[in-house]
file structure36.txt (compact mmCIF, C-alpha atoms)
# COMPACT_ATOMS: atom_id res chain seq x y z
CA MET A 878 -90.97 -35.38 -4.29
CA GLY A 879 -91.14 -39.16 -3.77
CA GLY A 880 -91.79 -40.73 -0.38
CA GLU A 881 -93.37 -43.60 1.51
CA GLU A 882 -96.84 -43.50 2.99
CA VAL A 883 -97.13 -44.82 6.57
CA LYS A 884 -100.72 -44.83 8.03
CA GLY A 885 -101.74 -41.92 5.82
CA VAL A 886 -98.55 -39.89 6.60
CA VAL A 887 -96.05 -39.38 3.77
CA VAL A 888 -92.44 -39.86 4.94
CA PRO A 889 -90.07 -37.67 2.88
CA GLU A 890 -87.46 -39.45 0.76
CA SER A 891 -84.62 -37.53 2.46
CA VAL A 892 -85.68 -38.94 5.88
CA LEU A 893 -85.77 -42.48 4.43
CA LYS A 894 -82.28 -42.03 2.97
CA LYS A 895 -80.98 -40.69 6.28
CA ARG A 896 -82.54 -43.62 8.17
CA LYS A 897 -80.99 -46.14 5.76
CA ARG A 898 -77.58 -44.43 6.01
CA SER A 899 -77.73 -44.46 9.82
CA GLU A 900 -78.58 -48.18 9.82
CA GLU A 901 -75.62 -48.92 7.52
CA TRP A 902 -73.27 -46.91 9.76
CA ALA A 903 -74.54 -48.67 12.90
CA LEU A 904 -74.00 -52.09 11.24
CA ALA A 905 -70.48 -51.15 10.08
CA LYS A 906 -69.63 -49.86 13.59
CA LYS A 907 -70.93 -53.06 15.19
CA GLN A 908 -68.87 -55.24 12.82
CA GLU A 909 -65.76 -53.14 13.47
CA LEU A 910 -66.26 -53.45 17.24
CA GLU A 911 -66.62 -57.24 17.01
CA CYS A 912 -63.49 -57.44 14.85
CA THR A 913 -61.54 -55.28 17.36
CA LYS A 914 -62.72 -57.47 20.28
CA LYS A 915 -61.51 -60.63 18.51
CA LYS A 916 -58.17 -59.01 17.66
CA ASN A 917 -57.69 -57.78 21.24
CA ALA A 918 -58.41 -61.25 22.64
CA THR A 919 -55.79 -62.78 20.29
CA ASN A 920 -53.29 -60.03 21.16
CA ARG A 921 -53.79 -60.52 24.91
CA THR A 922 -52.86 -64.20 24.62
CA LEU A 923 -49.83 -63.37 22.47
CA ILE A 924 -48.69 -60.58 24.83
CA TYR A 925 -48.94 -62.93 27.84
CA VAL A 926 -46.89 -65.63 26.08
CA ARG A 927 -44.23 -63.11 25.02
CA ALA A 928 -44.00 -61.51 28.49
CA LYS A 929 -43.53 -64.98 30.01
CA GLN A 930 -40.84 -65.77 27.44
CA TYR A 931 -38.98 -62.50 28.12
CA ALA A 932 -39.12 -63.05 31.91
CA LYS A 933 -37.61 -66.52 31.42
CA GLU A 934 -34.91 -65.09 29.14
CA TYR A 935 -33.96 -62.37 31.68
CA ASP A 936 -33.84 -64.95 34.53
CA GLU A 937 -31.58 -67.26 32.51
CA GLN A 938 -29.21 -64.38 31.72
CA GLN A 939 -29.03 -63.44 35.40
CA LYS A 940 -28.36 -67.05 36.46
CA GLU A 941 -25.66 -67.42 33.81
CA LEU A 942 -23.97 -64.21 35.02
CA ILE A 943 -23.97 -65.42 38.65
CA GLN A 944 -22.59 -68.81 37.55
CA LEU A 945 -19.75 -67.21 35.54
CA LYS A 946 -18.85 -64.92 38.48
CA ARG A 947 -18.72 -67.90 40.85
CA GLU A 948 -16.54 -69.91 38.47
CA ALA A 949 -14.12 -67.00 38.08
CA LYS A 950 -13.94 -66.56 41.88
CA LEU A 951 -13.19 -70.26 42.40
CA LYS A 952 -10.30 -70.02 39.95
CA GLY A 953 -8.98 -66.99 41.82
CA GLY A 954 -9.77 -64.54 39.04
CA PHE A 955 -12.38 -61.92 38.18
CA TYR A 956 -15.28 -62.05 35.77
CA VAL A 957 -15.19 -59.19 33.27
CA SER A 958 -18.63 -58.36 31.88
CA PRO A 959 -18.97 -58.09 28.08
CA GLU A 960 -19.01 -54.56 26.65
CA ALA A 961 -22.42 -52.90 27.10
CA LYS A 962 -24.57 -52.34 24.01
CA LEU A 963 -26.96 -49.79 25.49
CA LEU A 964 -26.39 -46.30 26.91
CA PHE A 965 -28.67 -43.89 28.74
CA ILE A 966 -27.70 -40.23 28.45
CA ILE A 967 -28.97 -37.43 30.71
CA ARG A 968 -28.37 -33.75 30.03
CA ILE A 969 -27.23 -31.98 33.22
CA ARG A 970 -26.35 -28.47 31.98
CA GLY A 971 -28.46 -25.83 30.22
CA TYR A 972 -28.01 -23.87 26.98
CA ASP A 973 -26.72 -20.75 28.75
CA GLN A 974 -23.52 -22.69 29.56
CA CYS A 975 -23.18 -24.13 26.03
CA TYR A 976 -21.58 -21.74 23.54
CA ALA A 977 -19.90 -23.85 20.83
CA PRO A 978 -22.20 -24.28 17.78
CA LYS A 979 -20.96 -27.85 17.17
CA THR A 980 -21.73 -28.82 20.76
CA ARG A 981 -25.24 -27.36 20.47
CA LYS A 982 -25.78 -29.23 17.21
CA ILE A 983 -24.70 -32.58 18.75
CA LEU A 984 -27.06 -32.06 21.70
CA GLN A 985 -29.88 -31.39 19.22
CA LEU A 986 -29.01 -34.54 17.25
CA LEU A 987 -29.08 -36.53 20.49
CA ARG A 988 -32.56 -35.00 21.16
CA LEU A 989 -31.29 -33.51 24.44
CA ARG A 990 -32.83 -30.06 24.01
CA GLN A 991 -33.67 -29.44 27.68
CA ILE A 992 -31.92 -29.91 30.99
CA PHE A 993 -32.68 -33.30 32.64
CA ASN A 994 -33.82 -34.82 29.35
CA GLY A 995 -32.77 -38.45 28.88
CA VAL A 996 -32.45 -40.76 25.86
CA PHE A 997 -31.32 -44.30 25.06
CA LEU A 998 -28.47 -44.79 22.59
CA LYS A 999 -26.77 -47.73 20.90
CA VAL A 1000 -23.04 -48.01 21.70
CA ASN A 1001 -20.91 -47.54 18.59
CA LYS A 1002 -17.88 -45.52 17.51
CA ALA A 1003 -19.92 -42.59 16.11
CA THR A 1004 -22.01 -42.33 19.30
CA MET A 1005 -18.96 -42.38 21.56
CA ASN A 1006 -17.21 -39.69 19.46
CA MET A 1007 -20.28 -37.46 19.74
CA LEU A 1008 -20.50 -38.04 23.50
CA HIS A 1009 -16.85 -37.09 23.99
CA ARG A 1010 -17.61 -33.72 22.35
CA VAL A 1011 -20.54 -32.99 24.70
CA GLU A 1012 -19.19 -34.75 27.82
CA PRO A 1013 -19.20 -31.60 30.06
CA TYR A 1014 -22.97 -31.18 29.46
CA VAL A 1015 -24.17 -34.76 29.90
CA THR A 1016 -23.78 -37.79 32.11
CA TYR A 1017 -24.25 -41.32 30.81
CA GLY A 1018 -23.87 -44.98 31.66
CA TYR A 1019 -25.16 -48.50 31.14
CA PRO A 1020 -28.77 -48.94 32.35
CA ASN A 1021 -29.98 -52.29 33.69
CA LEU A 1022 -33.33 -53.98 33.05
CA LYS A 1023 -34.93 -52.42 36.17
CA SER A 1024 -33.99 -48.90 35.02
CA VAL A 1025 -35.21 -49.42 31.44
CA ARG A 1026 -38.51 -50.89 32.64
CA GLU A 1027 -39.14 -48.17 35.25
CA LEU A 1028 -38.33 -45.36 32.80
CA ILE A 1029 -40.66 -46.67 30.09
CA TYR A 1030 -43.51 -47.56 32.46
CA LYS A 1031 -43.35 -44.34 34.50
CA ARG A 1032 -42.03 -41.66 32.13
CA GLY A 1033 -42.57 -43.28 28.72
CA TYR A 1034 -44.23 -41.24 25.96
CA GLY A 1035 -44.44 -42.18 22.30
CA LYS A 1036 -44.37 -40.17 19.08
CA LEU A 1037 -47.64 -40.75 17.22
CA ASN A 1038 -48.54 -38.51 14.24
CA LYS A 1039 -45.63 -36.26 15.32
CA GLN A 1040 -47.31 -35.71 18.70
CA ARG A 1041 -46.27 -36.65 22.25
CA THR A 1042 -48.63 -39.45 23.32
CA GLY A 1043 -48.74 -41.23 26.69
CA LEU A 1044 -48.22 -45.01 26.58
CA THR A 1045 -51.59 -45.70 28.18
CA ASP A 1046 -52.52 -48.60 25.90
CA ASN A 1047 -50.70 -51.30 23.92
CA SER A 1048 -52.69 -50.27 20.83
CA ILE A 1049 -50.65 -47.02 20.66
CA ILE A 1050 -47.43 -49.04 20.44
CA GLU A 1051 -48.96 -51.48 17.94
CA GLN A 1052 -50.17 -48.59 15.77
CA ALA A 1053 -46.65 -47.14 15.53
CA LEU A 1054 -44.44 -50.25 15.68
CA GLY A 1055 -46.78 -53.14 14.78
CA LYS A 1056 -45.09 -53.54 11.37
CA PHE A 1057 -41.83 -54.37 13.20
CA GLY A 1058 -43.49 -57.02 15.40
CA ILE A 1059 -43.58 -54.75 18.48
CA ILE A 1060 -47.16 -54.82 19.76
CA CYS A 1061 -46.91 -54.18 23.51
CA ILE A 1062 -44.86 -52.38 26.15
CA GLU A 1063 -42.93 -55.56 27.07
CA ASP A 1064 -41.89 -55.94 23.40
CA LEU A 1065 -40.69 -52.33 23.47
CA ILE A 1066 -38.68 -52.87 26.69
CA HIS A 1067 -37.14 -56.07 25.24
CA GLU A 1068 -36.19 -54.34 21.97
CA ILE A 1069 -34.51 -51.45 23.84
CA MET A 1070 -32.81 -53.64 26.45
CA THR A 1071 -31.37 -56.16 23.99
CA VAL A 1072 -30.65 -53.50 21.30
CA GLY A 1073 -32.59 -55.63 18.81
CA PRO A 1074 -32.79 -55.31 15.00
CA HIS A 1075 -35.50 -52.62 15.23
CA PHE A 1076 -33.85 -50.65 18.05
CA LYS A 1077 -33.62 -47.51 15.88
CA GLU A 1078 -37.37 -47.47 15.13
CA ALA A 1079 -38.30 -48.30 18.76
CA ASN A 1080 -35.98 -45.62 20.14
CA ASN A 1081 -37.20 -42.97 17.67
CA PHE A 1082 -40.78 -43.79 18.70
CA LEU A 1083 -39.92 -43.04 22.36
CA TRP A 1084 -40.10 -39.33 23.16
CA PRO A 1085 -37.03 -38.05 25.13
CA PHE A 1086 -37.65 -38.73 28.83
CA LYS A 1087 -38.39 -35.65 30.92
CA LEU A 1088 -36.83 -36.46 34.30
CA LYS A 1089 -37.12 -34.53 37.54
CA ALA A 1090 -34.18 -32.87 39.32
CA PRO A 1091 -32.25 -35.60 41.22
CA LEU A 1092 -33.29 -36.24 44.80
CA GLY A 1093 -30.45 -34.97 47.00
CA GLY A 1094 -29.09 -32.83 44.14
CA LEU A 1095 -25.94 -33.11 42.02
CA LYS A 1096 -22.39 -32.79 43.43
CA LYS A 1097 -20.53 -30.61 40.94
CA LYS A 1098 -21.75 -30.35 37.35
CA ARG A 1099 -18.53 -28.79 36.06
CA ASN A 1100 -16.31 -31.71 37.07
CA HIS A 1101 -16.09 -35.18 35.59
CA TYR A 1102 -17.56 -38.09 37.54
CA VAL A 1103 -14.09 -39.58 38.19
CA GLU A 1104 -13.04 -36.24 39.75
CA GLY A 1105 -15.95 -36.31 42.18
CA GLY A 1106 -18.29 -34.36 39.88
CA ASP A 1107 -21.26 -35.42 37.76
CA ALA A 1108 -20.42 -35.11 34.05
CA GLY A 1109 -19.22 -37.91 31.77
CA ASN A 1110 -19.34 -41.69 31.89
CA ARG A 1111 -20.46 -43.21 35.20
CA GLU A 1112 -20.97 -46.77 33.80
CA ASP A 1113 -23.27 -48.86 36.03
CA TYR A 1114 -23.70 -46.03 38.56
CA ILE A 1115 -26.13 -44.35 36.14
CA ASN A 1116 -28.80 -46.66 37.59
CA GLU A 1117 -28.53 -44.99 41.01
CA LEU A 1118 -28.98 -41.57 39.36
CA ILE A 1119 -32.00 -42.81 37.36
CA ARG A 1120 -33.65 -43.95 40.63
CA ARG A 1121 -33.20 -40.44 42.07
CA MET A 1122 -34.51 -38.71 38.94
CA ASN A 1123 -37.43 -41.00 38.01

call {"tool": "encode", "arguments": {"input": "structure36.txt", "output": "structure tokens"}}
result
Amino acid sequence: MGGEEVKGVVVPESVLKKRKRSEEWALAKKQELECTKKKNATNRTLIYVRAKQYAKEYDEQQKELIQLKREAKLKGGFYVSPEAKLLFIIRIRGYDQCYAPKTRKILQLLRLRQIFNGVFLKVNKATMNMLHRVEPYVTYGYPNLKSVRELIYKRGYGKLNKQRTGLTDNSIIEQALGKFGIICIEDLIHEIMTVGPHFKEANNFLWPFKLKAPLGGLKKKRNHYVEGGDAGNREDYINELIRRMN
């Protein structure tokens, strides 16, 4: 067997090969680490710029809303907000109270498999028709920016390789949604809040939110919200419920 002689000691060829392989691996790992560091530095700058841009956009929207309300008040009228594009749905009743197969199927399609699960949905005719079928088992409304941000930051989990993964790092989001230009948590919040062009992909990436039982409890699950109960559409009042369940 071939080898190399070092100070009268023959080093086996297998050891030399192993040493060479280890050196190559160490070099490749070092290069990869340097490349990742450079990429992270670039991403940090980009994330900061985007977050600043989004904050400015949200502020401008808020100022415009206040201005429109003031103008309407001066003219002696009321400002009617445009129709909401985003819904947040919370399941408030369990499977033991749900007997109809179609109702069960709709709840599965909405990814509301457990009590106090919550999901975001885009407002359209199909969604509203489905919600009317399962209205006694869910409550829903129009979340604001504060609710969306708090839910994603506190209870947000992503679906990575078909597994539930905590959003502990922007790289997890980039890995799953980078091809859609969503590289950080602020991008994800913006896409959900504005119901952007890649809302479907962003929403499917988010695992259904597992909320706690509401602080102070529910009033009456069997009755509709307008009858003093909890089920059905509660519009902007969903935000108060999210605060109690987050």

call {"tool": "closest_residue", "arguments": {"input": "structure36.txt", "among": "A:Asn920, A:Gln944, A:Asn1123, A:Thr1016", "to": "Gly1058 of chain A", "atoms": "only C-alpha atoms"}}
result
A:Asn920

call {"tool": "residues_around", "arguments": {"input": "structure36.txt", "residues": "segment 1062-1076 of chain A", "least_positions_apart": "3", "cutoff": "8 Å", "atoms": "all atoms listed in the file", "output": "list in words"}}
result
Ile924, Arg927, Ala928, Tyr931, Lys962, Leu963, Phe997, Lys999, Asn1021, Leu1022, Val1025, Arg1026, Ile1029, Asn1047, Ile1050, Phe1057, Ile1059, Ala1079 and Asn1080 of chain A

call {"tool": "residues_near_point", "arguments": {"input": "structure36.txt", "point": "(-32.2, -32.6, 25.7)", "cutoff": "9 Å", "atoms": "only C-alpha atoms", "output": "list in words"}}
result
Ile967, Arg968, Gly971, Leu984, Gln985, Leu987, Arg988, Leu989, Arg990, Gln991, Ile992, Phe993, Asn994, Gly995, Val996, Pro1085, Phe1086 and Lys1087 of chain A

call {"tool": "write_last_selection", "arguments": {"input": "structure36.txt", "atoms": "C-alpha atoms", "output": "PDB file, keeping the file's coordinate frame"}}
result
ATOM      1  CA  ILE A 967     -28.970 -37.430  30.710  1.00  0.00           C
ATOM      2  CA  ARG A 968     -28.370 -33.750  30.030  1.00  0.00           C
ATOM      3  CA  GLY A 971     -28.460 -25.830  30.220  1.00  0.00           C
ATOM      4  CA  LEU A 984     -27.060 -32.060  21.700  1.00  0.00           C
ATOM      5  CA  GLN A 985     -29.880 -31.390  19.220  1.00  0.00           C
ATOM      6  CA  LEU A 987     -29.080 -36.530  20.490  1.00  0.00           C
ATOM      7  CA  ARG A 988     -32.560 -35.000  21.160  1.00  0.00           C
ATOM      8  CA  LEU A 989     -31.290 -33.510  24.440  1.00  0.00           C
ATOM      9  CA  ARG A 990     -32.830 -30.060  24.010  1.00  0.00           C
ATOM     10  CA  GLN A 991     -33.670 -29.440  27.680  1.00  0.00           C
ATOM     11  CA  ILE A 992     -31.920 -29.910  30.990  1.00  0.00           C
ATOM     12  CA  PHE A 993     -32.680 -33.300  32.640  1.00  0.00           C
ATOM     13  CA  ASN A 994     -33.820 -34.820  29.350  1.00  0.00           C
ATOM     14  CA  GLY A 995     -32.770 -38.450  28.880  1.00  0.00           C
ATOM     15  CA  VAL A 996     -32.450 -40.760  25.860  1.00  0.00           C
ATOM     16  CA  PRO A1085     -37.030 -38.050  25.130  1.00  0.00           C
ATOM     17  CA  PHE A1086     -37.650 -38.730  28.830  1.00  0.00           C
ATOM     18  CA  LYS A1087     -38.390 -35.650  30.920  1.00  0.00           C
TER      19      LYS A1087
END

call {"tool": "residues_around", "arguments": {"input": "structure36.txt", "residues": "Thr1004 of chain A", "least_positions_apart": "2", "cutoff": "12 Å", "atoms": "all atoms listed in the file", "output": "PyMOL selection string"}}
result
chain A and resi 962-966+983-984+986-987+997-1002+1006-1012+1017

call {"tool": "axis_aligned_box", "arguments": {"input": "structure36.txt", "around": "segment 1085-1098 of chain A", "padding_each_side": "4 Å", "output": "AutoDock Vina command-line options"}}
result
--center_x -29.5 --center_y -34.5 --center_z 36.1 --size_x 25.9 --size_y 16.4 --size_z 29.9

call {"tool": "residues_around", "arguments": {"input": "structure36.txt", "residues": "Ala1090 of chain A", "least_positions_apart": "2", "cutoff": "9 Å", "atoms": "only C-alpha atoms", "output": "list in words"}}
result
Phe993, Leu1088, Leu1092, Gly1093, Gly1094, Leu1095, Arg1121, Met1122 and Asn1123 of chain A
